[in-house]
Each structure stands twice: as structure tokens, then as C-alpha cells.
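To start, the structure itself, in C-alpha cells.
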Amino acid sequence: MSDSPLASFRPALGPGDWDQVPVHAYKQEDGVPFKDITRRLLFSAPALACELRYFEMAPGGYSTLERHEHVHAVLILRGRGQCLVGTQVRPVGTNDLVYIEALTWHQFRATAGEPLGFLCMVNAQRDKPQLPSAAELAALKRDPAIAHFLAE
Ligand code: MN
């Protein structure tokens with residue numbers, strides 16, 4: 001949670017960049033795989049039960065392959081790429097919506113040679129993400145489309 005009150009209005013400075021919204025490292029944990037991705041916390045306040053974050057990957061970047069009890073409501077704000085949700089690999093682009101159900105493996109990848117940025121709404125109170133075990137990863141990779149996606 002943010003420790004200072006949210007300003008009523010924070011103008012955009014450019015695509016995926018806002019006044020008074022600092023850029024954070026994607027995650028703090030050690031040993032969690034991800035690449036070339038940043039995090040911005042857009043809305044977090046005691047009066048909200050949710051948080052709205054903005055994640056942006058540089059070309060070739062990716063978020064962590066993970067799952068958790070909490071759900072994600074995602075809107076692609078910028079660029080193109082691909083996402084894995086469950087066992088489905090799909091292309092995604094600006095303005096697409098992605099809903100990630102509880103305990104569903106998911107990952108976003110900027111595979112189109114351009115940045116990929118998305119808004120992600122989550123519960124403010126949420127569980128810690130789980131990473132796939134070696135056996136779970138091997139099971140996912142038995143699908144050639146997923147194996148190709150994870151190798152990009
Ligand atoms: Mn997640």
C-alpha cells in the first residue's frame with residue numbers, strides 16, 4: 001500500500017508513464033524468473049479493495065510464469081505480444097482484455113519486437129504466487145505450442 005494519499009489527478013507523461021508514479025522493479029524475490037519488465041502501482045488506497053498496476057516489458061521481455069489463488073483482470077494498454085493462460089497461448093494487443101482465474105498458470109511475453117504494457121487489477125489482500133515445479137513445467141511443455149511460447 002502507498003503511504004501517501006493519492007493525488008486526484010496525475011497526468012500522463014507519455015505512453016505507460018505518469019506523473020507521481022515511480023517505476024519499480026517487477027519483483028523483489030530472489031530466484032524468480034522474469035526479464036526486462038517494470039511495475040508501476042497506479043492505484044492503491046485504504047478505500048480500495050483492489051490495486052491497479054501497470055507492467056511493461058521491453059521487446060523480448062516476459063513476466064513470471066506463475067499461479068495463485070487471486071485472480072487478475074488485465075487490459076493490454078500498449079503494444080503486442082502473447083500470453084499463456086492455463087493451456088492456451090494467444091496473441092494479445094492493445095485494448096484486449098484477459099481474465100486469469102484462480103490457480104491458472106499465466107505468463108505474458110513481448111514477442112512482437114515491441115514493448116508490451118498492460119494494466120492489471122488485483123485484490124489488495126492476496127496470496128503469494130506459486131512457481132511451477134520441474135514436473136509441472138515439463139507437463140506444460142508437452143504441449144508444443146506452450147513449449148514454443150516458453151522458448152521464445
Ligand atoms: Mn500473477
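By convention in this document, the chains of the C-alpha cells carry letters A, B, ... by their order, each chain's residues are numbered from 1, and ligands are numbered from 1 in the order they are shown.
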Find the residues of chain A that sit at most 12 Å from ligand 1; for each, write down the nearest two atoms and how far apart they are in Å, to one decimal. Count only C-alpha atoms and all ligand atoms. Sort by chain, then by number going up, and give it as a tab-separated table.
residue	atom	partner	partner_atom_place_in_ligand_line	distance
A:Tyr26	CA	ligand 1	1 (Mn)	11.5
A:Lys27	CA	ligand 1	1 (Mn)	11.3
A:Phe34	CA	ligand 1	1 (Mn)	12.0
A:Arg53	CA	ligand 1	1 (Mn)	11.5
A:Phe55	CA	ligand 1	1 (Mn)	11.3
A:Ser63	CA	ligand 1	1 (Mn)	8.5
A:Thr64	CA	ligand 1	1 (Mn)	7.6
A:Leu65	CA	ligand 1	1 (Mn)	7.8
A:Glu66	CA	ligand 1	1 (Mn)	5.9
A:Arg67	CA	ligand 1	1 (Mn)	5.9
A:His68	CA	ligand 1	1 (Mn)	6.7
A:Glu69	CA	ligand 1	1 (Mn)	9.4
A:His70	CA	ligand 1	1 (Mn)	8.0
A:Val71	CA	ligand 1	1 (Mn)	7.6
A:His72	CA	ligand 1	1 (Mn)	6.7
A:Ala73	CA	ligand 1	1 (Mn)	10.0
A:Val74	CA	ligand 1	1 (Mn)	10.3
A:Cys83	CA	ligand 1	1 (Mn)	11.8
A:Leu84	CA	ligand 1	1 (Mn)	11.3
A:Val85	CA	ligand 1	1 (Mn)	10.3
A:Gly86	CA	ligand 1	1 (Mn)	12.0
A:Val98	CA	ligand 1	1 (Mn)	11.9
A:Tyr99	CA	ligand 1	1 (Mn)	10.8
A:Ile100	CA	ligand 1	1 (Mn)	8.1
A:Glu101	CA	ligand 1	1 (Mn)	9.9
A:Ala102	CA	ligand 1	1 (Mn)	9.5
A:Leu103	CA	ligand 1	1 (Mn)	9.4
A:Thr104	CA	ligand 1	1 (Mn)	8.9
A:Trp105	CA	ligand 1	1 (Mn)	8.2
A:His106	CA	ligand 1	1 (Mn)	6.7
A:Gln107	CA	ligand 1	1 (Mn)	7.7
A:Phe108	CA	ligand 1	1 (Mn)	9.7
A:Cys120	CA	ligand 1	1 (Mn)	9.0
A:Met121	CA	ligand 1	1 (Mn)	10.3
A:Val122	CA	ligand 1	1 (Mn)	8.9
A:Asn123	CA	ligand 1	1 (Mn)	11.4
A:Arg126	CA	ligand 1	1 (Mn)	10.4
A:Asp127	CA	ligand 1	1 (Mn)	10.1
A:Lys128	CA	ligand 1	1 (Mn)	9.0
A:Pro129	CA	ligand 1	1 (Mn)	6.5
A:Gln130	CA	ligand 1	1 (Mn)	8.9
A:Leu131	CA	ligand 1	1 (Mn)	10.1
Near-Asp19 in chain A list (12 Å; only C-alpha atoms; drop same-chain fewer than 5 positions) as a PDB file with N, CA and C atoms, in the first residue's frame:
ATOM      1  N   LEU A   6      -3.401   9.473  -2.429  1.00  0.00           N
ATOM      2  CA  LEU A   6      -3.346   9.573  -3.886  1.00  0.00           C
ATOM      3  C   LEU A   6      -3.769  10.968  -4.322  1.00  0.00           C
ATOM      4  N   ALA A   7      -3.040  11.527  -5.253  1.00  0.00           N
ATOM      5  CA  ALA A   7      -3.462  12.787  -5.873  1.00  0.00           C
ATOM      6  C   ALA A   7      -4.722  12.527  -6.690  1.00  0.00           C
ATOM      7  N   SER A   8      -5.595  13.543  -6.751  1.00  0.00           N
ATOM      8  CA  SER A   8      -6.833  13.393  -7.525  1.00  0.00           C
ATOM      9  C   SER A   8      -6.547  13.242  -9.010  1.00  0.00           C
ATOM     10  N   PHE A   9      -5.488  13.892  -9.466  1.00  0.00           N
ATOM     11  CA  PHE A   9      -5.198  13.876 -10.894  1.00  0.00           C
ATOM     12  C   PHE A   9      -3.698  13.784 -11.097  1.00  0.00           C
ATOM     13  N   ARG A  10      -3.297  12.820 -11.914  1.00  0.00           N
ATOM     14  CA  ARG A  10      -1.877  12.652 -12.248  1.00  0.00           C
ATOM     15  C   ARG A  10      -1.791  12.510 -13.757  1.00  0.00           C
ATOM     16  N   PRO A  11      -1.315  13.527 -14.422  1.00  0.00           N
ATOM     17  CA  PRO A  11      -1.327  13.470 -15.885  1.00  0.00           C
ATOM     18  C   PRO A  11      -0.343  12.439 -16.450  1.00  0.00           C
ATOM     19  N   ALA A  12      -0.688  11.905 -17.613  1.00  0.00           N
ATOM     20  CA  ALA A  12       0.233  11.046 -18.343  1.00  0.00           C
ATOM     21  C   ALA A  12       1.403  11.887 -18.828  1.00  0.00           C
ATOM     22  N   LEU A  13       2.594  11.292 -18.770  1.00  0.00           N
ATOM     23  CA  LEU A  13       3.795  11.957 -19.296  1.00  0.00           C
ATOM     24  C   LEU A  13       4.143  11.404 -20.668  1.00  0.00           C
ATOM     25  N   GLY A  14       3.597  10.260 -20.989  1.00  0.00           N
ATOM     26  CA  GLY A  14       3.835   9.580 -22.262  1.00  0.00           C
ATOM     27  C   GLY A  14       3.190   8.216 -22.156  1.00  0.00           C
ATOM     28  N   ARG A  40       4.511  -0.431 -12.173  1.00  0.00           N
ATOM     29  CA  ARG A  40       4.055   0.851 -11.630  1.00  0.00           C
ATOM     30  C   ARG A  40       2.752   0.605 -10.879  1.00  0.00           C
ATOM     31  N   LEU A  41       2.667   1.116  -9.663  1.00  0.00           N
ATOM     32  CA  LEU A  41       1.455   0.980  -8.865  1.00  0.00           C
ATOM     33  C   LEU A  41       0.615   2.238  -9.092  1.00  0.00           C
ATOM     34  N   LEU A  42      -0.466   2.104  -9.878  1.00  0.00           N
ATOM     35  CA  LEU A  42      -1.249   3.285 -10.284  1.00  0.00           C
ATOM     36  C   LEU A  42      -2.256   3.684  -9.221  1.00  0.00           C
TER      37      LEU A  42
END
- [ ] Could you tell me which of A:Leu77, A:Ala45, A:Leu97, A:Ala147 comes closest to Phe118 in chain A if we count only C-alpha atoms?
- [x]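 With only C-alpha atoms as the atom set, the closest residue is A:Leu77.
Straight-line separation from CA of Pro5 in chain A to CA of Leu75 in chain A: 25.0 Å.
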- [ ] Work out how far apart CA of Gly117 in chain A and CA of Val89 in chain A are and give it in Å to one decimal.
- [x] 17.4 Å
Task: Nearest-residue call for Lys35 in chain A, choices A:Glu136, A:Asp96, A:Glu114, A:Glu56, using only C-alpha atoms - done: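 Ranked by minimum distance to Lys35 in chain A, first place goes to A:Glu56.
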Open item on the list: What parts of chain A does DSSP call alpha helix (DSSP H)? I'd like the answer as a PyMOL selection string.
Closed with: chain A and resi 134-141+144-151
Task: Interatomic distance (Å, one decimal) between CA of Gly61 in chain A and CA of Thr111 in chain A - done: 7.7 Å
Open item on the list: When you count only C-alpha atoms, which of these residues is closest to Ala124 in chain A: A:Val32, A:Leu48, A:Leu137, A:Ala25?
Closed with: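 Closest candidate: A:Leu48.
Once Asp36 in chain A and its same-chain neighbours fewer than 2 positions away are set aside, Thr38, Met57, Ala58, Gly61 and Tyr62 of chain A remain within 7 Å of it when counting only C-alpha atoms.
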Written selection (N, CA and C atoms) as a compact mmCIF listing (two decimals), in the first residue's frame:
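Saved as result.txt:
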# COMPACT_ATOMS: atom_id res chain seq x y z
N THR A 38 8.98 -3.91 -15.95
CA THR A 38 8.87 -2.94 -14.86
C THR A 38 7.44 -2.92 -14.32
N MET A 57 6.85 -4.64 -20.48
CA MET A 57 8.01 -5.43 -20.89
C MET A 57 8.66 -4.78 -22.09
N ALA A 58 9.98 -4.76 -22.11
CA ALA A 58 10.72 -4.37 -23.31
C ALA A 58 10.59 -5.51 -24.32
N GLY A 61 10.97 -9.26 -23.46
CA GLY A 61 10.79 -9.44 -22.01
C GLY A 61 9.61 -10.34 -21.69
N TYR A 62 9.56 -10.78 -20.45
CA TYR A 62 8.43 -11.62 -20.02
C TYR A 62 8.20 -11.51 -18.52
- [ ] Find the residue from A:Gln20, A:Gln28, A:Arg109, A:Arg78 that sits nearest to His148 in chain A; use only C-alpha atoms when measuring.
- [x]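 Closest to His148 in chain A of all the choices is A:Arg109.
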Task: DSSP-assigned strand (DSSP E or B) among chain A, expressed as a ChimeraX atom specification - done: /A:12-14,17-18,24-25,35-43,50-62,66-67,72-85,88-93,97-100,106-109,116-123,130
Residues as selected, C-alpha atoms, written as a CSV table (one decimal), in the first residue's frame, can you do that?
chain,number,residue,atom,x,y,z
A,12,ALA,CA,0.2,11.0,-18.3
A,13,LEU,CA,3.8,12.0,-19.3
A,14,GLY,CA,3.8,9.6,-22.3
A,17,ASP,CA,4.3,6.8,-17.9
A,18,TRP,CA,2.6,9.0,-15.4
A,24,HIS,CA,9.6,-0.2,-9.5
A,25,ALA,CA,11.5,-3.4,-10.0
A,35,LYS,CA,13.0,-10.5,-17.9
A,36,ASP,CA,13.0,-6.8,-18.8
A,37,ILE,CA,9.8,-5.9,-17.1
A,38,THR,CA,8.9,-2.9,-14.9
A,39,ARG,CA,6.0,-2.3,-12.4
A,40,ARG,CA,4.1,0.9,-11.6
A,41,LEU,CA,1.5,1.0,-8.9
A,42,LEU,CA,-1.2,3.3,-10.3
A,43,PHE,CA,-4.0,3.0,-7.7
A,50,CYS,CA,-8.1,-3.6,-5.2
A,51,GLU,CA,-4.9,-2.3,-6.7
A,52,LEU,CA,-4.3,-1.3,-10.3
A,53,ARG,CA,-0.8,-1.8,-11.6
A,54,TYR,CA,0.9,-1.2,-14.9
A,55,PHE,CA,3.5,-3.6,-16.1
A,56,GLU,CA,5.6,-3.1,-19.2
A,57,MET,CA,8.0,-5.4,-20.9
A,58,ALA,CA,10.7,-4.4,-23.3
A,59,PRO,CA,10.8,-6.4,-26.6
A,60,GLY,CA,11.8,-9.9,-25.7
A,61,GLY,CA,10.8,-9.4,-22.0
A,62,TYR,CA,8.4,-11.6,-20.0
A,66,GLU,CA,3.1,-18.4,-12.0
A,67,ARG,CA,-0.3,-19.1,-10.5
A,72,HIS,CA,-6.1,-10.9,-12.5
A,73,ALA,CA,-8.2,-8.6,-14.6
A,74,VAL,CA,-5.9,-7.4,-17.4
A,75,LEU,CA,-6.2,-4.8,-20.1
A,76,ILE,CA,-3.4,-4.6,-22.7
A,77,LEU,CA,-2.7,-0.9,-22.8
A,78,ARG,CA,0.3,-0.8,-25.2
A,79,GLY,CA,1.9,-2.9,-27.9
A,80,ARG,CA,1.6,-6.6,-28.8
A,81,GLY,CA,2.8,-9.9,-27.7
A,82,GLN,CA,1.5,-13.2,-26.4
A,83,CYS,CA,0.1,-14.7,-23.2
A,84,LEU,CA,-0.3,-18.1,-21.8
A,85,VAL,CA,-3.4,-18.6,-19.7
A,88,GLN,CA,-3.9,-21.6,-24.2
A,89,VAL,CA,-1.3,-19.4,-25.9
A,90,ARG,CA,-2.8,-16.4,-27.6
A,91,PRO,CA,-1.7,-13.3,-29.3
A,92,VAL,CA,-2.6,-10.1,-27.4
A,93,GLY,CA,-2.6,-6.5,-28.4
A,97,LEU,CA,-8.9,-8.0,-22.1
A,98,VAL,CA,-7.6,-11.0,-20.3
A,99,TYR,CA,-9.1,-12.6,-17.2
A,100,ILE,CA,-6.9,-15.0,-15.3
A,106,HIS,CA,-0.1,-17.5,-16.7
A,107,GLN,CA,2.7,-15.5,-18.4
A,108,PHE,CA,2.9,-12.5,-20.7
A,109,ARG,CA,5.7,-12.2,-23.3
A,116,LEU,CA,4.0,-4.9,-24.3
A,117,GLY,CA,2.3,-3.0,-21.5
A,118,PHE,CA,-0.8,-4.0,-19.5
A,119,LEU,CA,-3.0,-2.8,-16.7
A,120,CYS,CA,-3.6,-5.5,-14.1
A,121,MET,CA,-6.2,-5.2,-11.4
A,122,VAL,CA,-5.8,-7.5,-8.3
A,123,ASN,CA,-7.2,-7.8,-4.8
A,130,GLN,CA,3.4,-20.2,-6.8
